[in-house]
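Enquirer: Dropping in query.pdb, which is PDB, C-alpha atoms, pLDDT in the B column:
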```
ATOM      1  CA  MET A 511      47.180 -10.386 -47.327  1.00 71.00           C
ATOM      2  CA  GLU A 512      44.051 -11.396 -49.136  1.00 82.00           C
ATOM      3  CA  HIS A 513      42.297 -11.913 -45.798  1.00 78.00           C
ATOM      4  CA  LEU A 514      42.965  -8.301 -44.891  1.00 80.00           C
ATOM      5  CA  LYS A 515      41.468  -7.083 -48.184  1.00 84.00           C
ATOM      6  CA  VAL A 516      38.318  -9.169 -47.628  1.00 84.00           C
ATOM      7  CA  LEU A 517      38.049  -7.892 -44.081  1.00 81.00           C
ATOM      8  CA  ASP A 518      38.595  -4.300 -45.241  1.00 83.00           C
ATOM      9  CA  GLU A 519      35.848  -4.613 -47.869  1.00 85.00           C
ATOM     10  CA  ARG A 520      33.423  -6.082 -45.351  1.00 83.00           C
ATOM     11  CA  LEU A 521      34.197  -3.227 -42.978  1.00 79.00           C
ATOM     12  CA  LYS A 522      33.594  -0.642 -45.730  1.00 80.00           C
ATOM     13  CA  ARG A 523      30.297  -2.313 -46.691  1.00 81.00           C
ATOM     14  CA  LEU A 524      29.207  -2.297 -43.050  1.00 77.00           C
ATOM     15  CA  GLU A 525      30.217   1.341 -42.678  1.00 72.00           C
ATOM     16  CA  SER A 526      28.278   2.267 -45.809  1.00 72.00           C
ATOM     17  CA  MET A 527      25.165   0.510 -44.444  1.00 73.00           C
ATOM     18  CA  VAL A 528      25.498   2.192 -41.050  1.00 70.00           C
ATOM     19  CA  GLY A 529      26.160   5.544 -42.672  1.00 61.00           C
ATOM     20  CA  ALA A 530      23.168   5.327 -45.066  1.00 54.00           C
ATOM     21  CA  ASN A 531      20.389   7.882 -44.632  1.00 50.00           C
ATOM     22  CA  SER A 532      16.651   7.084 -44.526  1.00 47.00           C
ATOM     23  CA  THR A 533      16.401   6.812 -48.323  1.00 51.00           C
ATOM     24  CA  GLY A 534      19.119   4.181 -48.367  1.00 51.00           C
ATOM     25  CA  GLU A 535      21.625   6.415 -50.101  1.00 55.00           C
ATOM     26  CA  ALA A 536      25.035   6.534 -48.530  1.00 52.00           C
ATOM     27  CA  GLU A 537      25.996   9.827 -46.950  1.00 57.00           C
ATOM     28  CA  VAL A 538      29.550  10.944 -46.600  1.00 60.00           C
ATOM     29  CA  PRO A 539      31.073   7.723 -45.355  1.00 62.00           C
ATOM     30  CA  LYS A 540      32.578   7.828 -41.912  1.00 71.00           C
ATOM     31  CA  THR A 541      34.774   5.131 -40.597  1.00 77.00           C
ATOM     32  CA  ALA A 542      33.748   3.212 -37.507  1.00 78.00           C
ATOM     33  CA  VAL A 543      36.628   4.809 -35.615  1.00 80.00           C
ATOM     34  CA  ASP A 544      35.389   8.294 -36.562  1.00 84.00           C
ATOM     35  CA  GLN A 545      31.879   7.421 -35.440  1.00 84.00           C
ATOM     36  CA  LEU A 546      33.149   6.065 -32.114  1.00 84.00           C
ATOM     37  CA  TYR A 547      35.201   9.224 -31.615  1.00 88.00           C
ATOM     38  CA  ASP A 548      32.123  11.385 -32.353  1.00 89.00           C
ATOM     39  CA  LEU A 549      30.108   9.343 -29.882  1.00 87.00           C
ATOM     40  CA  LYS A 550      32.781   9.805 -27.221  1.00 87.00           C
ATOM     41  CA  GLN A 551      32.761  13.553 -27.867  1.00 89.00           C
ATOM     42  CA  GLU A 552      28.967  13.681 -27.525  1.00 87.00           C
ATOM     43  CA  LEU A 553      29.129  11.764 -24.217  1.00 83.00           C
ATOM     44  CA  THR A 554      31.818  14.135 -22.982  1.00 83.00           C
ATOM     45  CA  ASN A 555      29.692  17.155 -23.938  1.00 83.00           C
ATOM     46  CA  VAL A 556      26.587  15.717 -22.269  1.00 81.00           C
ATOM     47  CA  THR A 557      28.378  14.828 -19.038  1.00 79.00           C
ATOM     48  CA  SER A 558      30.457  17.981 -18.746  1.00 80.00           C
ATOM     49  CA  GLY A 559      29.462  20.009 -15.717  1.00 81.00           C
ATOM     50  CA  ARG A 560      27.605  17.112 -14.136  1.00 82.00           C
ATOM     51  CA  GLU A 561      29.542  16.096 -11.056  1.00 83.00           C
ATOM     52  CA  ARG A 562      27.318  13.115 -10.224  1.00 83.00           C
ATOM     53  CA  VAL A 563      28.010  11.507 -13.591  1.00 79.00           C
ATOM     54  CA  HIS A 564      31.737  11.984 -13.143  1.00 78.00           C
ATOM     55  CA  ASN A 565      31.539  10.409  -9.686  1.00 83.00           C
ATOM     56  CA  LEU A 566      29.640   7.511 -11.188  1.00 82.00           C
ATOM     57  CA  TRP A 567      32.318   7.015 -13.880  1.00 80.00           C
ATOM     58  CA  LYS A 568      34.981   7.024 -11.161  1.00 83.00           C
ATOM     59  CA  ARG A 569      33.133   4.351  -9.166  1.00 85.00           C
ATOM     60  CA  LEU A 570      32.184   2.233 -12.170  1.00 84.00           C
ATOM     61  CA  ASP A 571      34.790  -0.425 -11.404  1.00 84.00           C
ATOM     62  CA  GLU A 572      33.550  -0.655  -7.829  1.00 83.00           C
ATOM     63  CA  LEU A 573      29.937  -0.972  -8.994  1.00 81.00           C
ATOM     64  CA  ASN A 574      30.888  -3.693 -11.474  1.00 82.00           C
ATOM     65  CA  GLU A 575      32.671  -5.504  -8.661  1.00 80.00           C
ATOM     66  CA  TYR A 576      29.503  -5.505  -6.534  1.00 77.00           C
ATOM     67  CA  LEU A 577      27.458  -6.731  -9.480  1.00 79.00           C
ATOM     68  CA  ASP A 578      29.803  -9.665  -9.987  1.00 78.00           C
ATOM     69  CA  PRO A 579      28.062 -12.920  -8.909  1.00 72.00           C
ATOM     70  CA  GLU A 580      31.237 -14.229  -7.294  1.00 72.00           C
ATOM     71  CA  LYS A 581      31.459 -11.141  -5.084  1.00 74.00           C
ATOM     72  CA  ALA A 582      27.801 -11.544  -4.131  1.00 69.00           C
ATOM     73  CA  ALA A 583      28.508 -15.139  -3.098  1.00 64.00           C
ATOM     74  CA  LYS A 584      31.364 -13.917  -0.881  1.00 68.00           C
ATOM     75  CA  LEU A 585      29.146 -11.283   0.730  1.00 70.00           C
ATOM     76  CA  THR A 586      26.374 -13.728   1.613  1.00 74.00           C
ATOM     77  CA  LEU A 587      26.138 -15.383   4.976  1.00 69.00           C
ATOM     78  CA  SER A 588      28.314 -18.296   5.932  1.00 75.00           C
ATOM     79  CA  GLU A 589      26.814 -21.713   6.629  1.00 78.00           C
ATOM     80  CA  ASP A 590      27.214 -21.195  10.386  1.00 82.00           C
ATOM     81  CA  MET A 591      25.339 -17.901  10.238  1.00 78.00           C
ATOM     82  CA  LYS A 592      22.568 -19.469   8.189  1.00 76.00           C
ATOM     83  CA  ALA A 593      22.299 -22.283  10.759  1.00 82.00           C
ATOM     84  CA  ASN A 594      22.126 -19.727  13.610  1.00 85.00           C
ATOM     85  CA  ILE A 595      19.331 -17.836  11.856  1.00 82.00           C
ATOM     86  CA  ILE A 596      17.360 -21.045  11.374  1.00 85.00           C
ATOM     87  CA  LEU A 597      17.859 -22.023  15.024  1.00 88.00           C
ATOM     88  CA  ALA A 598      16.734 -18.572  16.156  1.00 89.00           C
ATOM     89  CA  GLU A 599      13.530 -18.974  14.142  1.00 90.00           C
ATOM     90  CA  LYS A 600      12.975 -22.579  15.284  1.00 90.00           C
ATOM     91  CA  SER A 601       9.755 -21.948  17.221  1.00 93.00           C
ATOM     92  CA  HIS A 602       8.248 -19.909  14.390  1.00 92.00           C
ATOM     93  CA  ILE A 603       9.176 -22.595  11.849  1.00 92.00           C
ATOM     94  CA  GLU A 604       7.623 -25.287  14.058  1.00 94.00           C
ATOM     95  CA  GLU A 605       4.407 -23.250  14.375  1.00 94.00           C
ATOM     96  CA  GLN A 606       4.232 -22.828  10.616  1.00 94.00           C
ATOM     97  CA  ALA A 607       4.849 -26.564  10.127  1.00 93.00           C
ATOM     98  CA  ALA A 608       1.980 -27.364  12.523  1.00 94.00           C
ATOM     99  CA  LEU A 609      -0.317 -25.004  10.629  1.00 93.00           C
ATOM    100  CA  LEU A 610       0.668 -26.613   7.330  1.00 92.00           C
ATOM    101  CA  GLU A 611      -0.130 -30.035   8.793  1.00 92.00           C
ATOM    102  CA  GLN A 612      -3.575 -28.754   9.819  1.00 90.00           C
ATOM    103  CA  VAL A 613      -4.170 -27.482   6.299  1.00 87.00           C
ATOM    104  CA  ASP A 614      -3.066 -30.844   4.933  1.00 87.00           C
ATOM    105  CA  GLN A 615      -5.549 -32.605   7.231  1.00 86.00           C
ATOM    106  CA  MET A 616      -8.333 -30.259   6.100  1.00 83.00           C
ATOM    107  CA  LYS A 617      -7.843 -30.955   2.414  1.00 81.00           C
ATOM    108  CA  GLY A 618     -10.811 -33.304   2.525  1.00 79.00           C
ATOM    109  CA  VAL A 619     -13.039 -30.556   3.876  1.00 78.00           C
ATOM    110  CA  LEU A 620     -11.788 -28.015   1.386  1.00 74.00           C
ATOM    111  CA  GLY A 621     -12.303 -30.462  -1.473  1.00 75.00           C
ATOM    112  CA  SER A 622     -15.827 -31.502  -0.421  1.00 78.00           C
ATOM    113  CA  GLU A 623     -18.713 -31.173  -2.834  1.00 79.00           C
ATOM    114  CA  HIS A 624     -20.324 -28.492  -0.651  1.00 77.00           C
ATOM    115  CA  ILE A 625     -17.324 -26.183  -1.037  1.00 77.00           C
ATOM    116  CA  GLN A 626     -17.034 -27.060  -4.714  1.00 78.00           C
ATOM    117  CA  ALA A 627     -20.716 -26.171  -5.225  1.00 78.00           C
ATOM    118  CA  ALA A 628     -20.308 -22.724  -3.635  1.00 78.00           C
ATOM    119  CA  PRO A 629     -19.837 -20.879  -6.961  1.00 79.00           C
ATOM    120  CA  ASP A 630     -23.118 -22.365  -8.189  1.00 80.00           C
ATOM    121  CA  MET A 631     -24.879 -20.837  -5.186  1.00 82.00           C
ATOM    122  CA  ALA A 632     -23.794 -17.325  -6.112  1.00 82.00           C
ATOM    123  CA  ASP A 633     -26.925 -16.842  -8.243  1.00 83.00           C
ATOM    124  CA  LYS A 634     -29.118 -17.785  -5.282  1.00 83.00           C
ATOM    125  CA  LEU A 635     -27.142 -15.689  -2.807  1.00 85.00           C
ATOM    126  CA  HIS A 636     -27.169 -12.499  -4.883  1.00 87.00           C
ATOM    127  CA  PRO A 637     -30.868 -11.674  -4.223  1.00 89.00           C
ATOM    128  CA  LEU A 638     -30.349 -12.458  -0.534  1.00 89.00           C
ATOM    129  CA  ALA A 639     -27.395 -10.096  -0.435  1.00 89.00           C
ATOM    130  CA  ILE A 640     -29.554  -7.358  -1.956  1.00 92.00           C
ATOM    131  CA  VAL A 641     -32.260  -7.968   0.667  1.00 92.00           C
ATOM    132  CA  GLN A 642     -29.631  -7.877   3.420  1.00 94.00           C
ATOM    133  CA  VAL A 643     -28.258  -4.554   2.155  1.00 93.00           C
ATOM    134  CA  ASP A 644     -31.789  -3.108   2.032  1.00 94.00           C
ATOM    135  CA  GLN A 645     -32.476  -4.319   5.573  1.00 95.00           C
ATOM    136  CA  GLN A 646     -29.219  -2.821   6.763  1.00 95.00           C
ATOM    137  CA  GLU A 647     -30.204   0.539   5.250  1.00 95.00           C
ATOM    138  CA  GLN A 648     -33.614   0.302   6.958  1.00 95.00           C
ATOM    139  CA  LEU A 649     -31.891  -0.518  10.243  1.00 95.00           C
ATOM    140  CA  GLU A 650     -29.677   2.558   9.924  1.00 95.00           C
ATOM    141  CA  ALA A 651     -32.745   4.709   9.174  1.00 95.00           C
ATOM    142  CA  LEU A 652     -34.588   3.252  12.189  1.00 95.00           C
ATOM    143  CA  GLY A 653     -31.528   3.847  14.372  1.00 95.00           C
ATOM    144  CA  THR A 654     -31.480   7.477  13.282  1.00 95.00           C
ATOM    145  CA  ASP A 655     -35.222   7.834  13.989  1.00 95.00           C
ATOM    146  CA  VAL A 656     -34.880   6.246  17.446  1.00 95.00           C
ATOM    147  CA  ARG A 657     -31.946   8.522  18.260  1.00 95.00           C
ATOM    148  CA  GLN A 658     -33.998  11.585  17.255  1.00 96.00           C
ATOM    149  CA  LEU A 659     -36.981  10.395  19.317  1.00 95.00           C
ATOM    150  CA  LEU A 660     -34.764   9.826  22.375  1.00 95.00           C
ATOM    151  CA  GLU A 661     -33.301  13.305  22.010  1.00 95.00           C
ATOM    152  CA  ALA A 662     -36.805  14.796  21.768  1.00 95.00           C
ATOM    153  CA  TYR A 663     -37.928  12.729  24.802  1.00 96.00           C
ATOM    154  CA  ASN A 664     -34.909  13.916  26.824  1.00 95.00           C
ATOM    155  CA  ASP A 665     -35.602  17.527  25.858  1.00 94.00           C
ATOM    156  CA  ILE A 666     -39.261  17.208  26.930  1.00 95.00           C
ATOM    157  CA  ILE A 667     -38.363  15.544  30.246  1.00 95.00           C
ATOM    158  CA  SER A 668     -35.776  18.238  30.896  1.00 94.00           C
ATOM    159  CA  LEU A 669     -38.309  20.994  30.211  1.00 95.00           C
ATOM    160  CA  VAL A 670     -40.968  19.300  32.404  1.00 95.00           C
ATOM    161  CA  SER A 671     -38.401  18.906  35.213  1.00 95.00           C
ATOM    162  CA  LYS A 672     -37.474  22.581  34.984  1.00 95.00           C
ATOM    163  CA  GLN A 673     -41.152  23.517  35.018  1.00 95.00           C
ATOM    164  CA  PHE A 674     -41.762  21.398  38.158  1.00 94.00           C
ATOM    165  CA  VAL A 675     -38.783  23.046  39.867  1.00 94.00           C
ATOM    166  CA  GLN A 676     -40.154  26.501  39.012  1.00 94.00           C
ATOM    167  CA  TRP A 677     -43.608  25.552  40.274  1.00 93.00           C
ATOM    168  CA  ASP A 678     -42.089  24.160  43.481  1.00 89.00           C
ATOM    169  CA  GLU A 679     -40.135  27.370  44.046  1.00 89.00           C
ATOM    170  CA  THR A 680     -43.225  29.492  43.400  1.00 90.00           C
ATOM    171  CA  LEU A 681     -45.407  27.352  45.679  1.00 87.00           C
ATOM    172  CA  THR A 682     -42.746  27.442  48.416  1.00 84.00           C
ATOM    173  CA  LYS A 683     -42.645  31.258  48.211  1.00 86.00           C
ATOM    174  CA  TYR A 684     -46.434  31.460  48.587  1.00 85.00           C
ATOM    175  CA  GLU A 685     -46.444  28.988  51.454  1.00 83.00           C
ATOM    176  CA  VAL A 686     -43.677  30.883  53.265  1.00 82.00           C
ATOM    177  CA  SER A 687     -45.375  34.220  52.646  1.00 84.00           C
ATOM    178  CA  LYS A 688     -48.718  32.889  53.962  1.00 83.00           C
ATOM    179  CA  LYS A 689     -46.846  31.167  56.771  1.00 76.00           C
ATOM    180  CA  VAL A 690     -48.243  27.769  55.895  1.00 72.00           C
ATOM    181  CA  ARG A 691     -44.790  26.279  56.277  1.00 67.00           C
ATOM    182  CA  LYS A 692     -41.322  27.244  57.382  1.00 66.00           C
ATOM    183  CA  THR A 693     -38.565  28.029  54.929  1.00 63.00           C
ATOM    184  CA  ASN A 694     -36.356  24.984  55.626  1.00 67.00           C
ATOM    185  CA  GLU A 695     -39.108  22.566  56.623  1.00 62.00           C
ATOM    186  CA  TYR A 696     -38.892  20.166  53.626  1.00 59.00           C
ATOM    187  CA  ILE A 697     -35.226  20.490  52.955  1.00 57.00           C
TER     188      ILE A 697
END
```
Please go through the file and, once you have read it, give me the structure as structure tokens.
Expert:
Amino acid sequence: MEHLKVLDERLKRLESMVGANSTGEAEVPKTAVDQLYDLKQELTNVTSGRERVHNLWKRLDELNEYLDPEKAAKLTLSEDMKANIILAEKSHIEEQAALLEQVDQMKGVLGSEHIQAAPDMADKLHPLAIVQVDQQEQLEALGTDVRQLLEAYNDIISLVSKQFVQWDETLTKYEVSKKVRKTNEYI
């Protein structure tokens, strides 16, 4: 009986601490059962009218079942299926193994002092990179200039060709009119 009294006092003390307001003063004490009931009522009010939540509550056992590690182990592939997958990927695995062996053989090259000194060369390479970027910009500008010059050249040649055709037509008319040549003589 005394154990029940001690337990009851501890429960009341806990309820008074949980029910205390921000100043530390106890409000109207509510029992833990009352608080749980209020919480249930609030959840019911929040979920009322929401069909998706109700469907989720109905399927909660099923969801818990899928989250169970034992169920996940049952759903995974059998040993035979795992072996079949590995055999199907045999050529790919062999290729990857060969590539890994090549990398292993090249460890000496990758660990050489020249590769290790590469970060120290960054200070020397930075000005060269700037020069290269400047030269690339100059190259693009020259390419644009050359393209414009070629377009101008093509326009001039086209105009000169048209002018020669006009002169030829005019000269042919005068020659035919003066009867220096026949109409279809040069064609």
Enquirer: Show me, as AutoDock Vina command-line options, the centre and edge lengths in Å to one decimal of the axis-aligned box that covers every listed atom of range 627-636 of chain A with 5 Å on each side.
Expert:
```
--center_x -24.5 --center_y -19.3 --center_z -5.5 --size_x 19.3 --size_y 23.7 --size_z 15.4
```
Enquirer: Between CA of Asp644 in chain A and CA of Val656 in chain A, measure the distance and give it in Å to one decimal.
Expert: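 Straight-line distance from CA of Asp644 in chain A to CA of Val656 in chain A works out to 18.3 Å.
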Enquirer: Grab the CA of Val641 in chain A to CA of Leu620 in chain A distance for me, in Å with one decimal place.
Expert: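 Computing the Euclidean distance for CA of Val641 in chain A and CA of Leu620 in chain A yields 28.7 Å.
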Enquirer: Please indicate the distance in Å from CA of Thr541 in chain A to CA of Leu521 in chain A, rounded to one decimal place.
Expert: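 Interatomic distance here is 8.7 Å.
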